[in-house]
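The structure file query_19.txt is reproduced below (compact mmCIF, C-alpha atoms).
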# COMPACT_ATOMS: atom_id res chain seq x y z
CA MET A 168 0.00 0.00 0.00
CA GLY A 169 2.91 2.31 0.73
CA LEU A 170 4.03 2.04 -2.88
CA PHE A 171 0.80 3.81 -3.83
CA LEU A 172 0.33 6.25 -0.93
CA LEU A 173 3.87 7.58 -0.56
CA PRO A 174 4.24 8.62 -4.22
CA LEU A 175 0.85 10.34 -4.07
CA LEU A 176 1.82 12.27 -0.94
CA ALA A 177 5.07 13.30 -2.60
CA SER A 178 3.17 14.40 -5.69
CA PHE A 179 0.74 16.47 -3.59
CA ALA A 180 3.64 18.15 -1.79
CA ALA A 181 5.40 18.98 -5.05
CA ARG A 182 2.17 20.27 -6.56
CA TRP A 183 1.40 22.72 -3.79
CA ALA A 184 5.00 23.89 -3.58
CA ASP A 185 4.98 24.86 -7.25
CA PRO A 186 4.47 28.64 -7.55
CA ALA A 187 3.15 28.18 -11.10
CA VAL A 188 0.06 26.40 -9.81
CA ALA A 189 -2.63 29.08 -9.76
CA ALA A 190 -5.54 29.04 -7.35
CA ASP A 191 -7.90 30.61 -9.90
CA TRP A 192 -8.34 29.16 -13.39
CA ARG A 193 -9.14 32.63 -14.73
CA THR A 194 -5.66 33.90 -13.91
CA ALA A 195 -3.74 30.69 -14.63
CA ARG A 196 -1.26 30.78 -17.48
CA GLN A 197 -2.72 29.60 -20.81
CA ASP A 198 -0.39 31.07 -23.42
CA SER A 199 1.86 29.20 -25.85
CA SER A 200 4.76 27.16 -24.49
CA HIS A 201 6.52 27.64 -27.87
CA GLN A 202 6.90 23.95 -28.60
CA ALA A 203 4.72 23.76 -31.71
CA PRO A 204 6.22 25.02 -34.97
CA ASP A 205 4.93 28.21 -36.57
CA PRO A 206 2.54 27.18 -39.39
CA SER A 207 3.59 30.22 -41.42
CA VAL A 208 7.15 28.87 -41.47
CA THR A 209 6.67 25.11 -41.25
CA LYS A 210 4.75 23.99 -44.31
CA GLU A 211 5.10 20.23 -43.78
CA ALA A 212 2.44 18.22 -41.98
CA VAL A 213 2.73 18.09 -38.18
CA LEU A 214 1.07 15.76 -35.68
CA GLN A 215 1.78 16.25 -31.98
CA VAL A 216 0.41 14.80 -28.75
CA TYR A 217 0.73 16.75 -25.50
CA SER A 218 0.19 16.11 -21.81
CA ALA A 219 0.09 18.57 -18.93
CA ARG A 220 -0.72 18.32 -15.26
CA ALA A 221 -4.42 18.80 -14.60
CA PHE A 222 -5.60 21.99 -12.92
CA SER A 223 -5.45 22.48 -9.14
CA TRP A 224 -5.44 19.42 -6.85
CA ARG A 225 -6.21 17.13 -9.78
CA GLY A 226 -2.71 17.69 -11.06
CA ALA A 227 -1.27 15.78 -8.10
CA PHE A 228 -2.96 12.68 -9.48
CA GLY A 229 -2.68 12.98 -13.21
CA VAL A 230 -2.50 14.78 -16.52
CA HIS A 231 -4.73 16.07 -19.30
CA THR A 232 -3.81 14.99 -22.83
CA TRP A 233 -4.67 16.33 -26.28
CA LEU A 234 -3.65 16.14 -29.94
CA ALA A 235 -2.62 18.96 -32.26
CA LEU A 236 -2.37 18.49 -36.00
CA LYS A 237 -1.59 20.54 -39.07
CA PRO A 238 -1.97 19.16 -42.60
CA LYS A 239 0.66 20.03 -45.17
CA GLY A 240 0.37 23.68 -46.19
CA ALA A 241 -2.26 24.53 -43.56
CA ASP A 242 -2.01 27.94 -41.91
CA HIS A 243 -3.21 26.77 -38.48
CA PHE A 244 -3.27 23.82 -36.10
CA THR A 245 -6.39 21.86 -35.24
CA ARG A 246 -6.57 20.80 -31.62
CA LEU A 247 -8.49 17.68 -30.56
CA GLU A 248 -9.37 16.90 -26.95
CA VAL A 249 -12.12 15.94 -24.56
CA ILE A 250 -13.23 18.52 -21.98
CA GLY A 251 -15.90 18.02 -19.35
CA TRP A 252 -17.09 21.63 -19.06
CA GLY A 253 -20.55 22.03 -20.55
CA VAL A 254 -21.27 18.35 -21.10
CA ASP A 255 -23.99 18.40 -18.43
CA HIS A 256 -25.69 21.17 -20.42
CA GLY A 257 -25.62 19.38 -23.76
CA SER A 258 -22.21 20.30 -25.16
CA SER A 259 -20.13 17.61 -26.81
CA ALA A 260 -17.19 16.37 -24.77
CA VAL A 261 -15.10 16.22 -27.96
CA ARG A 262 -13.69 19.64 -28.77
CA VAL A 263 -12.20 20.41 -32.19
CA SER A 264 -10.75 23.91 -32.25
CA ARG A 265 -8.02 26.25 -33.44
CA TYR A 266 -6.94 26.89 -29.88
CA ILE A 267 -3.21 27.27 -29.16
CA PRO A 268 -1.73 23.80 -29.86
CA ASP A 269 0.94 23.96 -27.17
CA ALA A 270 -0.75 26.18 -24.57
CA TYR A 271 -0.02 25.95 -20.88
CA TRP A 272 -2.84 23.97 -19.28
CA PHE A 273 -3.99 26.38 -16.57
CA GLY A 274 -0.46 26.98 -15.33
CA SER A 275 1.11 23.64 -16.22
CA ARG A 276 3.67 23.50 -19.02
CA PRO A 277 2.83 20.68 -21.45
CA ASN A 278 5.17 17.87 -22.42
CA ILE A 279 5.34 16.52 -25.96
CA LEU A 280 4.49 12.82 -26.02
CA ARG A 281 4.67 12.42 -29.79
CA ASP A 282 5.98 14.70 -32.53
CA LEU A 283 5.60 13.49 -36.10
CA ARG A 284 6.48 15.55 -39.16
CA GLY A 285 6.31 15.30 -42.93
CA PRO A 286 4.95 12.24 -44.77
CA MET A 287 4.61 10.23 -41.55
CA ALA A 288 2.31 12.85 -40.02
CA GLU A 289 0.51 13.44 -43.31
CA GLY A 290 -0.44 9.78 -43.56
CA LEU A 291 -1.99 9.74 -40.08
CA ILE A 292 -3.85 13.05 -39.81
CA ASP A 293 -6.99 11.96 -41.67
CA LYS A 294 -7.07 8.70 -39.68
CA VAL A 295 -6.90 10.65 -36.43
CA LEU A 296 -9.73 12.95 -37.52
CA GLN A 297 -11.89 10.00 -38.53
CA ALA A 298 -11.18 8.24 -35.23
CA ALA A 299 -12.26 11.35 -33.31
CA LYS A 300 -15.61 11.23 -35.11
CA ILE A 301 -16.36 7.71 -33.86
CA TYR A 302 -15.28 8.24 -30.25
CA PRO A 303 -18.00 6.34 -28.35
CA HIS A 304 -18.46 8.78 -25.45
CA PRO A 305 -19.09 12.21 -27.03
CA SER A 306 -21.94 12.98 -24.62
CA SER A 307 -20.38 11.87 -21.35
CA TYR A 308 -17.46 12.85 -19.16
CA ARG A 309 -16.31 11.49 -15.84
CA LEU A 310 -13.10 12.64 -14.22
CA TRP A 311 -12.53 9.25 -12.60
CA PRO A 312 -12.16 6.52 -13.72
CA GLY A 313 -13.32 7.74 -17.14
CA PRO A 314 -14.34 8.40 -19.80
CA ASN A 315 -12.24 11.56 -19.82
CA SER A 316 -9.59 13.29 -21.94
CA ASN A 317 -7.14 10.41 -21.55
CA THR A 318 -9.82 7.88 -22.51
CA PHE A 319 -10.22 9.86 -25.73
CA THR A 320 -6.50 10.05 -26.50
CA ALA A 321 -6.06 6.34 -25.76
CA PHE A 322 -9.01 5.56 -28.05
CA ILE A 323 -7.41 7.54 -30.88
CA ALA A 324 -4.12 5.72 -30.31
CA ARG A 325 -5.79 2.31 -30.51
CA GLN A 326 -7.71 3.27 -33.64
CA VAL A 327 -4.56 4.64 -35.29
CA PRO A 328 -1.78 2.20 -34.33
CA GLY A 329 0.67 3.99 -36.62
CA LEU A 330 0.66 6.81 -34.09
CA GLY A 331 2.82 4.65 -31.81
CA LEU A 332 1.72 6.54 -28.71
CA GLU A 333 2.67 5.54 -25.18
CA LEU A 334 0.62 7.48 -22.67
CA PRO A 335 2.14 8.33 -19.28
CA ALA A 336 1.17 6.31 -16.23
CA THR A 337 -0.39 9.50 -14.85
CA ALA A 338 -2.93 9.62 -17.69
CA ILE A 339 -5.80 8.44 -15.50
CA GLY A 340 -8.65 7.26 -17.69
CA LYS A 341 -6.49 5.73 -20.41
CA ASP A 342 -7.38 2.27 -19.08
CA TYR A 343 -11.13 2.89 -19.32
CA LEU A 344 -12.09 0.74 -22.30
CA PRO A 345 -15.04 1.76 -24.52
CA HIS A 346 -18.12 -0.39 -25.09
CA GLY A 347 -17.67 -2.16 -21.76
CA ALA A 348 -14.74 -4.16 -23.13
CA PHE A 349 -12.40 -5.97 -20.76
CA ILE A 350 -9.57 -6.68 -23.20
CA ALA A 351 -7.97 -4.38 -25.77
CA ASP A 352 -4.70 -3.48 -27.42
CA ALA A 353 -2.42 -1.30 -25.35
CA PRO A 354 -2.59 2.33 -26.56
CA SER A 355 0.88 1.99 -28.09
CA GLY A 356 -0.27 -0.98 -30.15
CA THR A 357 2.67 -3.04 -28.90
CA GLY A 358 0.87 -5.26 -26.41
CA ILE A 359 -2.37 -6.00 -24.63
CA GLN A 360 -4.29 -4.77 -21.64
CA VAL A 361 -7.04 -6.13 -19.44
CA SER A 362 -9.22 -3.64 -17.58
CA VAL A 363 -12.38 -3.75 -15.48
CA PHE A 364 -14.10 -0.39 -16.09
CA GLY A 365 -10.78 1.41 -15.65
CA LEU A 366 -10.67 0.51 -11.96
CA LEU A 367 -8.56 -2.63 -12.02
CA GLY A 368 -6.34 -3.88 -14.78
CA LEU A 369 -3.04 -4.96 -16.21
CA THR A 370 -1.09 -3.82 -19.27
CA LEU A 371 1.79 -5.76 -20.81
CA ALA A 372 3.42 -4.20 -23.86
CA THR A 373 6.78 -3.47 -25.41
CA GLU A 374 6.37 0.30 -25.03
CA GLU A 375 4.39 0.50 -21.78
CA GLY A 376 6.21 -2.37 -20.08
CA LEU A 377 4.24 -3.85 -17.20
CA GLU A 378 1.57 -1.62 -15.65
CA LEU A 379 -0.80 -2.50 -12.82
CA ASN A 380 -3.93 -0.37 -12.50
CA ILE A 381 -5.61 -0.20 -9.09
CA LEU A 382 -8.51 2.25 -8.76
CA GLY A 383 -7.23 4.10 -11.81
CA LEU A 384 -3.74 4.60 -10.37
CA ASN A 385 -0.83 3.03 -12.21
CA PHE A 386 2.22 1.30 -10.82
CA GLY A 387 4.61 -0.27 -13.29
CA LEU A 388 8.00 -1.29 -14.52
CA ASP A 389 9.48 -0.49 -17.91
CA LEU A 390 12.56 -2.32 -19.12
CA SER A 391 13.29 -0.39 -22.31
CA PRO A 392 14.46 2.10 -21.24
CA PRO A 393 14.56 1.10 -17.55
CA ALA A 394 12.11 3.04 -15.39
CA LEU A 395 9.71 2.74 -12.50
CA LYS A 396 6.18 4.09 -12.87
CA LEU A 397 4.54 5.45 -9.73
CA PRO A 398 1.06 6.88 -9.00
CA GLY A 399 1.01 10.67 -9.08
CA ILE A 400 4.71 10.94 -9.86
CA GLY A 401 4.76 9.04 -13.12
CA ARG A 402 7.96 7.80 -14.69
CA LEU A 403 11.20 7.61 -12.67
CA GLY A 404 14.25 6.58 -14.63
CA ALA A 405 15.51 6.72 -18.20
CA GLY A 406 13.34 8.34 -20.83
CA MET A 407 11.79 10.89 -18.48
Step by step, read the file and then write its structure as structure tokens.
Amino acid sequence: MGLFLLPLLASFAARWADPAVAADWRTARQDSSHQAPDPSVTKEAVLQVYSARAFSWRGAFGVHTWLALKPKGADHFTRLEVIGWGVDHGSSAVRVSRYIPDAYWFGSRPNILRDLRGPMAEGLIDKVLQAAKIYPHPSSYRLWPGPNSNTFTAFIARQVPGLGLELPATAIGKDYLPHGAFIADAPSGTGIQVSVFGLLGLTLATEEGLELNILGLNFGLDLSPPALKLPGIGRLGAGM
């Protein structure tokens, strides 16, 4: 039990000690982190996946993930993500927008999980857009254990295996499988996972390594490159 509680306590402490964590979402930083290329300069296709710590206390537990894509020659990025605000009032959880592709997520600087350029990105963009259209939970959102933003990103990754996306252990909701399924491909497409409504499960894959999901929290071991995965903290070791 200590392997789960101690990392979470450490994550909480680090979260509240971070001066960048704003108490009010209206004043939290949301400008560009300058990680996405300028579309006016970069004409080739671009496909990126980002993650950033969730707002406020939620960030001690996990991250929010989204995709940003730009077809060849396009003058703007299209951002794809799932957001819970407004769903209770009839809004779709799936948001497709021209919002800043690499924006700070309410004070948290995003990390790039995947960055594809040129022909490789060009061949996947339409597949990603089509996958977003068939996401099975457009009218529902649940912070825990899902479906949430990470459920959406994991769904896209499974539908588009060429994306080769490994989601961080802190992406709570990635193990929530659509259609009530108990077995599915790992999001990276390099293995398999078993999950009971996102609350209890196991993933074994080349990219993810071995991950154990208990109540949506992930503990795991990755051998290539070597790393330990802890709840709240995420990856400790090579490849951080």
Could you give me, as CSV, a per-residue list for range 249-313 of chain A showing, wherever an atom lies at most 9 Å from an atom of range 212-230 of chain A, the closest pair of atoms and their distance in Å to one decimal, using all atoms listed in the file and sorting by chain then residue number from low to high?
residue,atom,partner,partner_atom,distance
A:Pro268,CA,A:Gln215,CA,8.6
A:Asp269,CA,A:Tyr217,CA,7.4
A:Tyr271,CA,A:Ala219,CA,7.6
A:Trp272,CA,A:Ala219,CA,6.2
A:Phe273,CA,A:Phe222,CA,5.9
A:Gly274,CA,A:Phe222,CA,7.6
A:Ser275,CA,A:Arg220,CA,5.7
A:Arg276,CA,A:Ala219,CA,6.1
A:Pro277,CA,A:Ala219,CA,4.3
A:Asn278,CA,A:Ser218,CA,5.3
A:Ile279,CA,A:Tyr217,CA,4.6
A:Leu280,CA,A:Val216,CA,5.3
A:Arg281,CA,A:Val216,CA,5.0
A:Asp282,CA,A:Gln215,CA,4.5
A:Leu283,CA,A:Leu214,CA,5.1
A:Arg284,CA,A:Val213,CA,4.6
A:Gly285,CA,A:Ala212,CA,4.9
A:Pro286,CA,A:Ala212,CA,7.1
A:Met287,CA,A:Ala212,CA,8.3
A:Ala288,CA,A:Leu214,CA,5.4
A:Glu289,CA,A:Ala212,CA,5.3
A:Leu291,CA,A:Leu214,CA,8.1
A:Ile292,CA,A:Leu214,CA,7.0
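Distances from A:Gly401, A:Asp342, A:Thr373, A:Gln360 to Asp389 in chain A were compared using only C-alpha atoms, and the smallest one belongs to A:Thr373.
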Step by step, gather every atom of range 295-308 of chain A that the file lists, find the box along x, y and z that holds them, add 5 Å on each side, and finally give centre and edge lengths in Å to one decimal, as lines of an AutoDock Vina configuration file.
center_x = -14.4
center_y = 9.7
center_z = -28.8
size_x = 25.0
size_y = 16.6
size_z = 29.4
Report, in Å to a single decimal, how far apart CA of Gly251 in chain A and CA of Thr232 in chain A are. 12.9 Å
Shell of 9 Å around range 308-322 of chain A, only C-alpha atoms, local chain residues under 5 positions omitted, as JSON, numbers by chain: {"A": [216, 230, 231, 232, 233, 234, 247, 248, 249, 250, 251, 252, 254, 255, 260, 261, 298, 299, 302, 303, 327, 332, 333, 334, 338, 339, 340, 341, 342, 343, 344, 345, 353, 354, 355, 364, 365, 366, 382, 383]}
For a quick check of understanding, using all atoms listed in the file, which of A:Val295, A:Val361, A:Leu173, A:Ile400 has the smallest distance to Lys237 in chain A? A:Val295
Between A:Gln297, A:Leu176, A:Gly347, A:Ala270, which is the closest to Arg196 in chain A once you count only C-alpha atoms?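 For Arg196 in chain A, the nearest of the candidates is A:Ala270.
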Just add N, CA and C atoms to range 224-242 of chain A and send it as a PDB file, keeping the file's coordinate frame.
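Contents of result.pdb, freshly written:
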ATOM      1  N   TRP A 224      -5.811  20.645  -7.562  1.00  0.00           N
ATOM      2  CA  TRP A 224      -5.440  19.420  -6.850  1.00  0.00           C
ATOM      3  C   TRP A 224      -5.427  18.203  -7.765  1.00  0.00           C
ATOM      4  N   ARG A 225      -6.161  18.266  -8.867  1.00  0.00           N
ATOM      5  CA  ARG A 225      -6.210  17.130  -9.780  1.00  0.00           C
ATOM      6  C   ARG A 225      -4.838  16.821 -10.369  1.00  0.00           C
ATOM      7  N   GLY A 226      -4.031  17.868 -10.480  1.00  0.00           N
ATOM      8  CA  GLY A 226      -2.710  17.690 -11.060  1.00  0.00           C
ATOM      9  C   GLY A 226      -1.775  16.838 -10.223  1.00  0.00           C
ATOM     10  N   ALA A 227      -2.085  16.666  -8.942  1.00  0.00           N
ATOM     11  CA  ALA A 227      -1.270  15.780  -8.100  1.00  0.00           C
ATOM     12  C   ALA A 227      -1.483  14.326  -8.487  1.00  0.00           C
ATOM     13  N   PHE A 228      -2.636  14.044  -9.073  1.00  0.00           N
ATOM     14  CA  PHE A 228      -2.960  12.680  -9.480  1.00  0.00           C
ATOM     15  C   PHE A 228      -2.572  12.394 -10.930  1.00  0.00           C
ATOM     16  N   GLY A 229      -2.856  13.340 -11.811  1.00  0.00           N
ATOM     17  CA  GLY A 229      -2.680  12.980 -13.210  1.00  0.00           C
ATOM     18  C   GLY A 229      -2.626  14.158 -14.164  1.00  0.00           C
ATOM     19  N   VAL A 230      -2.690  13.810 -15.448  1.00  0.00           N
ATOM     20  CA  VAL A 230      -2.500  14.780 -16.520  1.00  0.00           C
ATOM     21  C   VAL A 230      -3.718  14.827 -17.443  1.00  0.00           C
ATOM     22  N   HIS A 231      -3.768  15.901 -18.201  1.00  0.00           N
ATOM     23  CA  HIS A 231      -4.730  16.070 -19.300  1.00  0.00           C
ATOM     24  C   HIS A 231      -3.945  15.901 -20.596  1.00  0.00           C
ATOM     25  N   THR A 232      -4.500  15.194 -21.563  1.00  0.00           N
ATOM     26  CA  THR A 232      -3.810  14.990 -22.830  1.00  0.00           C
ATOM     27  C   THR A 232      -4.656  15.493 -23.999  1.00  0.00           C
ATOM     28  N   TRP A 233      -3.977  15.879 -25.080  1.00  0.00           N
ATOM     29  CA  TRP A 233      -4.670  16.330 -26.280  1.00  0.00           C
ATOM     30  C   TRP A 233      -3.774  16.138 -27.508  1.00  0.00           C
ATOM     31  N   LEU A 234      -4.369  16.261 -28.681  1.00  0.00           N
ATOM     32  CA  LEU A 234      -3.650  16.140 -29.940  1.00  0.00           C
ATOM     33  C   LEU A 234      -3.720  17.466 -30.688  1.00  0.00           C
ATOM     34  N   ALA A 235      -2.658  17.772 -31.417  1.00  0.00           N
ATOM     35  CA  ALA A 235      -2.620  18.960 -32.260  1.00  0.00           C
ATOM     36  C   ALA A 235      -2.086  18.546 -33.627  1.00  0.00           C
ATOM     37  N   LEU A 236      -2.797  18.918 -34.667  1.00  0.00           N
ATOM     38  CA  LEU A 236      -2.370  18.490 -36.000  1.00  0.00           C
ATOM     39  C   LEU A 236      -2.505  19.611 -37.018  1.00  0.00           C
ATOM     40  N   LYS A 237      -1.609  19.544 -37.996  1.00  0.00           N
ATOM     41  CA  LYS A 237      -1.590  20.540 -39.070  1.00  0.00           C
ATOM     42  C   LYS A 237      -1.289  19.834 -40.388  1.00  0.00           C
ATOM     43  N   PRO A 238      -2.252  19.764 -41.293  1.00  0.00           N
ATOM     44  CA  PRO A 238      -1.970  19.160 -42.600  1.00  0.00           C
ATOM     45  C   PRO A 238      -0.920  19.972 -43.363  1.00  0.00           C
ATOM     46  N   LYS A 239      -0.353  19.369 -44.348  1.00  0.00           N
ATOM     47  CA  LYS A 239       0.660  20.030 -45.170  1.00  0.00           C
ATOM     48  C   LYS A 239       0.074  21.306 -45.795  1.00  0.00           C
ATOM     49  N   GLY A 240       0.784  22.415 -45.611  1.00  0.00           N
ATOM     50  CA  GLY A 240       0.370  23.680 -46.190  1.00  0.00           C
ATOM     51  C   GLY A 240      -0.685  24.435 -45.410  1.00  0.00           C
ATOM     52  N   ALA A 241      -1.227  23.849 -44.350  1.00  0.00           N
ATOM     53  CA  ALA A 241      -2.260  24.530 -43.560  1.00  0.00           C
ATOM     54  C   ALA A 241      -1.670  25.709 -42.802  1.00  0.00           C
ATOM     55  N   ASP A 242      -2.494  26.743 -42.591  1.00  0.00           N
ATOM     56  CA  ASP A 242      -2.010  27.940 -41.910  1.00  0.00           C
ATOM     57  C   ASP A 242      -2.353  27.958 -40.429  1.00  0.00           C
TER      58      ASP A 242
END
